[in-house]
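So the structure is just underneath, and the comments pick up after that.
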2 protein chains.
Amino acid sequence: MHVHIGPVETPELKRAVLDAGAETAPLEEASALVWFGAGPERFAEYDHPGLEWVQLPFAGIEPWVAAGALREGITFTSAVGTYAETVAEHSLGLMLTGARQLHRMARAHEWTAPEGMRGLFGSTVGIVGAGGIGRALIGLLRPFGVRVLATNRSGKPVAGAEQTWRAADPEGLRTVLAESDFVVVAAPATAETDRLIDRAALESMKPGAWLINVARGSLVDTEALVAALDEERIGGAALDVTEPEPLPAGHPLFDHPRAIISPHQANPASLLMPALARRVEENVRRRMAGEPLLGLVDREAGY
Amino acid sequence: MHVHIGPVETPELKRAVLDAGAETAPLEEASALVWFGAGPERFAEYDHPGLEWVQLPFAGIEPWVAAGALREGITFTSAVGTYAETVAEHSLGLMLTGARQLHRMARAHEWTAPEGMRGLFGSTVGIVGAGGIGRALIGLLRPFGVRVLATNRSGKPVAGAEQTWRAADPEGLRTVLAESDFVVVAAPATAETDRLIDRAALESMKPGAWLINVARGSLVDTEALVAALDEERIGGAALDVTEPEPLPAGHPLFDHPRAIISPHQANPASLLMPALARRVEENVRRRMAGEPLLGLVDREAGY
């Protein structure tokens, strides 16, 4: 298969194409285009009659839909799910940090074991807003044999979760909070999810449980969280996002023995290209093997 | 199935037996015995003709072999592998801490993103001394799609590793060190492994790679490691064990931007009982279902 990479070719993408067993080629000879480095306004320059498949580098392709760039006769794939893996990996790191008190060990100047060591094996993990990140996290958690409880917008069962509730069902959220040893917040920021984790929600959490927020700061009431941590009502909090964000220097959460702040680094710029390259390699391999592509765009649905 | 727990019955073990669907019973009515709280010298008090299976709480059962307590006619199972999971979980936590620079985030007093963020997805992980802990770690790493390189005493291929070398083969160790993004040391402390990771070994590591030691402090030359970190020759080091141990208060490794010390907490006392309870539940379930038991003791081999 002949693949063109453009408008910008990076060494990582080139290597991904070659590692998958395909060849890179000039645009006019390529039936596949790995798009990188520009928006849909430049796509017309690259479109040609021999083009059969275009891999886009974005998880969300709304601008391409809006621009009418997804023309018929071409198979488009997005990078949906690719970056979710990166965020899920970070989430697992934050969970293990809390479980094993690694944040306190990192701060120690002497050989003292902190209390409150927990394990992930056999624990219950609640995912509030289980979409792509939640599914990726469930995949990473599989070897730990955890029990997963989930909420999502539709209430449609999430694969790997013991039970899934509609996000709008307050009883569901209460159950997830009450039974989980780790609560991972991964829901979109909307009017409905604003301060979803407020004082009452924190009070319904299991004593000793950890709250992990990799969604948006607005979903957690910061003041109520600091109070819950100060009063030792929950085990701790690991926040990749905060309200306000950035959290002002010297904010009590930075040094709190029950908290770790990761400054919006769940999906850092340095990991975007490796994640994209993995997806490109996988999809080129699949295309050559005639297997279903990941992230196939549904032109009618617009995603 | 009737199960007796003794000499000491804990709530966790009782719950494990009941959760597996069995009943707890007085000793004389029990065909299964979950042993806890004493050594082999007290086993004769508990042995009776109706006893068919004994679950021991230890990973190593040398004292039982030496005492001749493993009488014929009874199936014995040890807890081998159970605690390896706990250490593997901790190892993964240390790897993710290094990859995502969580130790530096934990120490920060303001919203600044450290450099050097890496990912586990698609990386190469070297396991020096891949036994029970290594196998458990490979299981946890499976969803990350990592490439695993291993060494062990025999050189017998480790399941899930791309290649396994004999520990005594210096070329093998050099390859593992040169190609791995994360090197996990999990070998026993012997004369052969004393200061295995010395200056030359550290120099053969990939720039940016992390060293994780969950074995024994004697395997790593601390002075050479501090030099490698100071000179930024490797990405960092996460040490659960050190030489000397405990590391004296104020030692430069405690605050080093490229290091995290977890004070011999990979297998903390607080996680022993949960780990054992999980194994008991699984084996009781298997026994009732007629499935092969985990940790079956080979009386001839003595383990």
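Chain labels A, B, ... are given in the sequence in which chains occur in the structure tokens; within each chain residues are numbered consecutively from 1, and ligands are likewise numbered from 1 in the order shown.
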I need the chain A residues near chain B as an NGL selection string; criterion: at most 7 Å, counting only C-alpha atoms.
:A and (93 or 96-97 or 103 or 105-113 or 117-119 or 139-140 or 143 or 246-250 or 254-255 or 260-263 or 270-271)
Would you return as a PyMOL selection string the members of range 44-143 of chain B that DSSP assigns to alpha helix (DSSP H) on this structure's backbone?
chain B and resi 44-46+62-66+82-100+102-107+132-141
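Backbone DSSP over range 192-266 of chain B gives strand (DSSP E or B) for B:Ile197, B:Trp210, B:Leu211, B:Ile212, B:Asn213, B:Val220, B:Gly236, B:Ala237, B:Ala238, B:Leu239, B:Ala259, B:Ile260, B:Ile261.
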Please write out chain B, superposed on chain A by least squares over all C-alpha atoms matched in order, as a short mmCIF file (atom, residue, chain, number, x, y, z; two decimals) with C-alpha atoms, in the first residue's frame.
```cif
data_model
loop_
_atom_site.label_atom_id
_atom_site.label_comp_id
_atom_site.auth_asym_id
_atom_site.auth_seq_id
_atom_site.Cartn_x
_atom_site.Cartn_y
_atom_site.Cartn_z
CA MET B 1 0.19 -0.12 0.08
CA HIS B 2 1.36 3.41 -0.80
CA VAL B 3 0.79 6.00 1.91
CA HIS B 4 1.33 9.74 1.70
CA ILE B 5 1.84 11.78 4.88
CA GLY B 6 0.89 15.44 4.67
CA PRO B 7 0.70 18.39 4.67
CA VAL B 8 3.39 17.88 7.34
CA GLU B 9 5.38 14.65 7.49
CA THR B 10 6.88 13.86 10.89
CA PRO B 11 9.55 11.22 11.51
CA GLU B 12 7.24 9.44 13.97
CA LEU B 13 4.42 9.11 11.43
CA LYS B 14 6.80 7.97 8.69
CA ARG B 15 8.21 5.33 10.99
CA ALA B 16 4.70 4.19 11.95
CA VAL B 17 3.78 3.70 8.27
CA LEU B 18 6.99 1.79 7.54
CA ASP B 19 6.73 -0.31 10.73
CA ALA B 20 3.24 -1.35 9.65
CA GLY B 21 4.77 -2.72 6.46
CA ALA B 22 3.57 -0.06 4.00
CA GLU B 23 5.58 2.37 1.87
CA THR B 24 5.49 6.15 1.85
CA ALA B 25 4.88 7.63 -1.59
CA PRO B 26 4.24 10.90 -3.42
CA LEU B 27 0.63 12.02 -3.12
CA GLU B 28 -0.41 11.10 -6.64
CA GLU B 29 0.74 7.48 -6.19
CA ALA B 30 -0.85 7.08 -2.76
CA SER B 31 -4.17 5.37 -2.09
CA ALA B 32 -3.90 6.28 1.57
CA LEU B 33 -3.30 9.68 3.14
CA VAL B 34 -2.19 10.22 6.73
CA TRP B 35 -3.26 13.79 7.40
CA PHE B 36 -1.25 15.96 9.75
CA GLY B 37 -0.49 19.63 10.30
CA ALA B 38 -3.49 21.48 8.86
CA GLY B 39 -7.25 21.86 8.98
CA PRO B 40 -9.89 20.84 6.43
CA GLU B 41 -9.43 24.04 4.39
CA ARG B 42 -6.31 22.55 2.81
CA PHE B 43 -7.73 19.09 2.13
CA ALA B 44 -8.90 19.95 -1.43
CA GLU B 45 -5.22 20.36 -2.45
CA TYR B 46 -4.58 16.75 -1.41
CA ASP B 47 -7.72 15.08 -2.67
CA HIS B 48 -7.27 13.04 -5.86
CA PRO B 49 -9.22 10.29 -7.62
CA GLY B 50 -6.92 7.47 -6.45
CA LEU B 51 -7.43 8.34 -2.79
CA GLU B 52 -9.27 5.59 -0.91
CA TRP B 53 -8.54 6.17 2.78
CA VAL B 54 -7.69 9.21 4.89
CA GLN B 55 -6.50 8.92 8.51
CA LEU B 56 -7.19 12.13 10.42
CA PRO B 57 -5.16 13.08 13.52
CA PHE B 58 -8.08 14.42 15.58
CA ALA B 59 -10.39 12.69 18.02
CA GLY B 60 -13.20 15.15 17.21
CA ILE B 61 -13.73 15.97 13.54
CA GLU B 62 -16.54 18.54 13.74
CA PRO B 63 -14.62 21.13 11.61
CA TRP B 64 -14.26 18.55 8.81
CA VAL B 65 -17.96 17.81 8.91
CA ALA B 66 -18.79 21.54 8.95
CA ALA B 67 -16.44 22.21 6.01
CA GLY B 68 -18.00 19.38 3.98
CA ALA B 69 -14.54 17.87 3.51
CA LEU B 70 -15.60 14.25 4.10
CA ARG B 71 -16.42 13.49 0.47
CA GLU B 72 -18.05 10.24 -0.58
CA GLY B 73 -15.86 7.54 -2.06
CA ILE B 74 -13.19 7.97 0.59
CA THR B 75 -13.00 6.07 3.89
CA PHE B 76 -12.17 8.49 6.69
CA THR B 77 -10.86 7.44 10.10
CA SER B 78 -10.43 9.74 13.08
CA ALA B 79 -8.05 9.34 16.02
CA VAL B 80 -10.95 8.86 18.43
CA GLY B 81 -9.88 6.94 21.52
CA THR B 82 -6.19 7.48 20.91
CA TYR B 83 -5.73 10.26 23.42
CA ALA B 84 -8.17 8.63 25.85
CA GLU B 85 -5.49 5.96 26.39
CA THR B 86 -3.00 8.61 27.45
CA VAL B 87 -5.45 10.12 29.94
CA ALA B 88 -6.39 6.66 31.21
CA GLU B 89 -2.71 5.87 31.77
CA HIS B 90 -2.32 9.07 33.77
CA SER B 91 -5.46 8.26 35.76
CA LEU B 92 -4.07 4.85 36.67
CA GLY B 93 -0.83 6.54 37.74
CA LEU B 94 -2.78 8.88 40.02
CA MET B 95 -4.82 5.97 41.43
CA LEU B 96 -1.66 3.99 42.21
CA THR B 97 -0.05 7.10 43.72
CA GLY B 98 -2.97 7.41 46.10
CA ALA B 99 -3.19 3.69 46.81
CA ARG B 100 0.52 3.38 47.56
CA GLN B 101 0.98 6.85 49.09
CA LEU B 102 3.69 7.60 46.56
CA HIS B 103 3.08 11.35 46.83
CA ARG B 104 4.00 11.25 50.51
CA MET B 105 7.01 9.06 49.83
CA ALA B 106 8.11 11.54 47.17
CA ARG B 107 8.01 14.35 49.72
CA ALA B 108 9.78 12.46 52.52
CA HIS B 109 13.36 13.31 53.48
CA GLU B 110 13.83 10.13 55.48
CA TRP B 111 13.01 6.42 55.48
CA THR B 112 9.52 6.35 56.99
CA ALA B 113 6.57 4.36 55.68
CA PRO B 114 3.35 6.35 55.45
CA GLU B 115 0.14 4.79 56.74
CA GLY B 116 -2.92 4.10 54.62
CA MET B 117 -1.37 1.81 52.01
CA ARG B 118 -4.07 0.26 49.86
CA GLY B 119 -4.14 -1.97 46.81
CA LEU B 120 -5.98 -1.88 43.51
CA PHE B 121 -6.37 -5.66 43.32
CA GLY B 122 -9.88 -6.60 44.32
CA SER B 123 -10.99 -2.99 44.86
CA THR B 124 -14.06 -1.21 43.51
CA VAL B 125 -13.52 1.59 40.98
CA GLY B 126 -16.29 4.06 40.18
CA ILE B 127 -16.16 5.96 36.90
CA VAL B 128 -18.34 9.06 36.86
CA GLY B 129 -18.92 9.83 33.20
CA ALA B 130 -17.61 6.71 31.50
CA GLY B 131 -16.91 7.61 27.86
CA GLY B 132 -13.71 7.05 25.89
CA ILE B 133 -11.43 7.69 28.87
CA GLY B 134 -13.52 5.43 31.07
CA ARG B 135 -13.44 2.62 28.52
CA ALA B 136 -9.67 2.96 28.15
CA LEU B 137 -9.27 2.94 31.93
CA ILE B 138 -11.42 -0.17 32.28
CA GLY B 139 -9.05 -1.82 29.79
CA LEU B 140 -6.02 -0.91 31.88
CA LEU B 141 -7.72 -2.09 35.07
CA ARG B 142 -8.72 -5.49 33.70
CA PRO B 143 -5.66 -7.35 35.08
CA PHE B 144 -6.40 -6.02 38.58
CA GLY B 145 -9.73 -7.82 38.75
CA VAL B 146 -11.45 -4.71 40.04
CA ARG B 147 -15.21 -4.26 40.23
CA VAL B 148 -16.21 -1.30 38.07
CA LEU B 149 -19.29 0.85 38.65
CA ALA B 150 -20.11 3.51 36.06
CA THR B 151 -22.35 6.39 35.18
CA ASN B 152 -22.82 7.90 31.74
CA ARG B 153 -25.31 10.12 29.99
CA SER B 154 -27.49 7.38 28.50
CA GLY B 155 -27.19 4.74 31.17
CA LYS B 156 -26.32 2.29 28.39
CA PRO B 157 -24.20 -0.47 29.97
CA VAL B 158 -20.47 0.17 29.73
CA ALA B 159 -18.51 -2.94 28.76
CA GLY B 160 -16.54 -4.20 31.73
CA ALA B 161 -18.67 -2.36 34.30
CA GLU B 162 -20.75 -4.39 36.73
CA GLN B 163 -23.47 -1.76 36.62
CA THR B 164 -24.05 1.49 34.73
CA TRP B 165 -26.43 4.26 35.83
CA ARG B 166 -27.75 7.29 33.99
CA ALA B 167 -25.75 10.34 35.04
CA ALA B 168 -29.02 12.12 35.84
CA ASP B 169 -30.01 9.41 38.33
CA PRO B 170 -28.93 10.73 41.77
CA GLU B 171 -29.34 7.26 43.29
CA GLY B 172 -26.83 5.89 40.80
CA LEU B 173 -24.19 8.49 41.62
CA ARG B 174 -24.75 7.95 45.34
CA THR B 175 -24.23 4.19 44.96
CA VAL B 176 -21.05 4.69 42.92
CA LEU B 177 -19.68 7.10 45.53
CA ALA B 178 -20.67 4.92 48.48
CA GLU B 179 -19.17 1.69 47.14
CA SER B 180 -16.01 2.77 45.34
CA ASP B 181 -12.48 2.70 46.73
CA PHE B 182 -11.45 4.94 43.83
CA VAL B 183 -13.80 7.42 42.18
CA VAL B 184 -12.58 8.65 38.80
CA VAL B 185 -14.34 11.73 37.45
CA ALA B 186 -14.24 11.78 33.65
CA ALA B 187 -17.50 13.48 32.70
CA PRO B 188 -17.76 16.48 30.38
CA ALA B 189 -18.15 19.95 31.91
CA THR B 190 -21.80 20.96 31.48
CA ALA B 191 -24.37 22.86 33.51
CA GLU B 192 -25.53 19.50 34.92
CA THR B 193 -22.05 18.43 36.05
CA ASP B 194 -21.05 21.78 37.59
CA ARG B 195 -19.92 21.02 41.17
CA LEU B 196 -21.27 17.49 40.79
CA ILE B 197 -18.84 16.45 43.51
CA ASP B 198 -19.99 18.79 46.23
CA ARG B 199 -20.05 18.50 50.00
CA ALA B 200 -22.93 16.00 50.00
CA ALA B 201 -21.27 13.86 47.33
CA LEU B 202 -17.99 13.84 49.27
CA GLU B 203 -19.86 12.87 52.41
CA SER B 204 -21.39 9.88 50.65
CA MET B 205 -17.96 8.57 49.65
CA LYS B 206 -16.51 5.52 51.38
CA PRO B 207 -14.08 6.45 54.18
CA GLY B 208 -10.53 6.04 52.87
CA ALA B 209 -11.58 6.27 49.23
CA TRP B 210 -9.64 8.38 46.72
CA LEU B 211 -11.13 10.92 44.33
CA ILE B 212 -9.39 11.31 40.96
CA ASN B 213 -10.43 14.17 38.67
CA VAL B 214 -9.18 14.05 35.07
CA ALA B 215 -12.22 15.83 33.61
CA ARG B 216 -12.60 19.54 34.38
CA GLY B 217 -12.07 21.48 37.57
CA SER B 218 -15.65 22.76 37.59
CA LEU B 219 -16.95 19.26 38.45
CA VAL B 220 -15.49 19.33 41.96
CA ASP B 221 -16.24 21.87 44.70
CA THR B 222 -12.68 22.71 45.77
CA GLU B 223 -13.59 24.20 49.15
CA ALA B 224 -15.72 21.22 50.09
CA LEU B 225 -12.91 18.92 48.97
CA VAL B 226 -10.29 20.66 51.10
CA ALA B 227 -12.64 20.35 54.09
CA ALA B 228 -13.18 16.63 53.42
CA LEU B 229 -9.42 16.11 53.24
CA ASP B 230 -8.70 18.18 56.36
CA GLU B 231 -11.33 16.24 58.29
CA GLU B 232 -9.89 12.97 56.91
CA ARG B 233 -13.33 11.96 55.65
CA ILE B 234 -11.86 10.53 52.44
CA GLY B 235 -8.51 8.89 51.75
CA GLY B 236 -7.30 11.53 49.36
CA ALA B 237 -7.64 13.38 46.08
CA ALA B 238 -5.56 13.36 42.91
CA LEU B 239 -6.47 16.27 40.68
CA ASP B 240 -5.28 16.85 37.14
CA VAL B 241 -7.73 19.73 36.83
CA THR B 242 -8.82 22.25 39.43
CA GLU B 243 -11.14 25.15 40.10
CA PRO B 244 -9.68 27.73 39.85
CA GLU B 245 -7.14 26.60 37.27
CA PRO B 246 -4.26 27.14 37.56
CA LEU B 247 -4.45 26.62 41.28
CA PRO B 248 -2.69 29.62 42.87
CA ALA B 249 0.84 29.03 44.18
CA GLY B 250 0.86 27.99 47.81
CA HIS B 251 -2.72 26.67 47.72
CA PRO B 252 -3.14 24.13 50.57
CA LEU B 253 -3.87 21.32 48.10
CA PHE B 254 -0.28 21.43 46.80
CA ASP B 255 1.25 20.16 50.04
CA HIS B 256 -1.72 18.38 51.53
CA PRO B 257 -0.74 14.92 52.85
CA ARG B 258 -3.90 13.56 51.23
CA ALA B 259 -3.58 15.26 47.87
CA ILE B 260 -1.53 15.33 44.71
CA ILE B 261 -1.94 17.93 41.99
CA SER B 262 -0.86 17.11 38.43
CA PRO B 263 -1.11 20.42 36.58
CA HIS B 264 -3.34 19.44 33.64
CA GLN B 265 -0.83 16.91 32.36
CA ALA B 266 -3.01 13.85 31.76
CA ASN B 267 -2.65 14.41 28.03
CA PRO B 268 0.61 16.34 27.65
CA ALA B 269 1.75 17.73 24.31
CA SER B 270 4.82 15.48 24.35
CA LEU B 271 2.62 12.38 24.22
CA LEU B 272 0.29 13.44 21.39
CA MET B 273 2.60 12.38 18.57
CA PRO B 274 3.53 8.98 20.04
CA ALA B 275 -0.16 8.25 20.60
CA LEU B 276 -1.05 9.26 17.05
CA ALA B 277 1.83 7.25 15.61
CA ARG B 278 0.62 4.14 17.42
CA ARG B 279 -2.85 4.58 15.94
CA VAL B 280 -1.47 5.17 12.43
CA GLU B 281 0.68 2.06 12.63
CA GLU B 282 -2.26 -0.02 13.83
CA ASN B 283 -4.64 1.28 11.17
CA VAL B 284 -2.15 0.91 8.31
CA ARG B 285 -1.53 -2.66 9.46
CA ARG B 286 -5.28 -3.30 9.62
CA ARG B 287 -5.89 -1.74 6.22
CA MET B 288 -3.25 -3.99 4.65
CA ALA B 289 -4.67 -7.06 6.40
CA GLY B 290 -8.23 -6.18 5.38
CA GLU B 291 -9.29 -5.86 9.04
CA PRO B 292 -11.81 -3.27 10.31
CA LEU B 293 -10.21 0.15 10.86
CA LEU B 294 -10.26 1.90 14.22
CA GLY B 295 -12.10 5.23 14.42
CA LEU B 296 -14.11 4.74 11.24
CA VAL B 297 -16.04 7.93 10.55
CA ASP B 298 -19.78 7.63 10.02
CA ARG B 299 -20.42 10.35 7.45
CA GLU B 300 -24.15 10.41 8.23
CA ALA B 301 -23.68 10.70 11.99
CA GLY B 302 -20.87 13.21 11.59
CA TYR B 303 -18.35 11.50 13.91
#
```
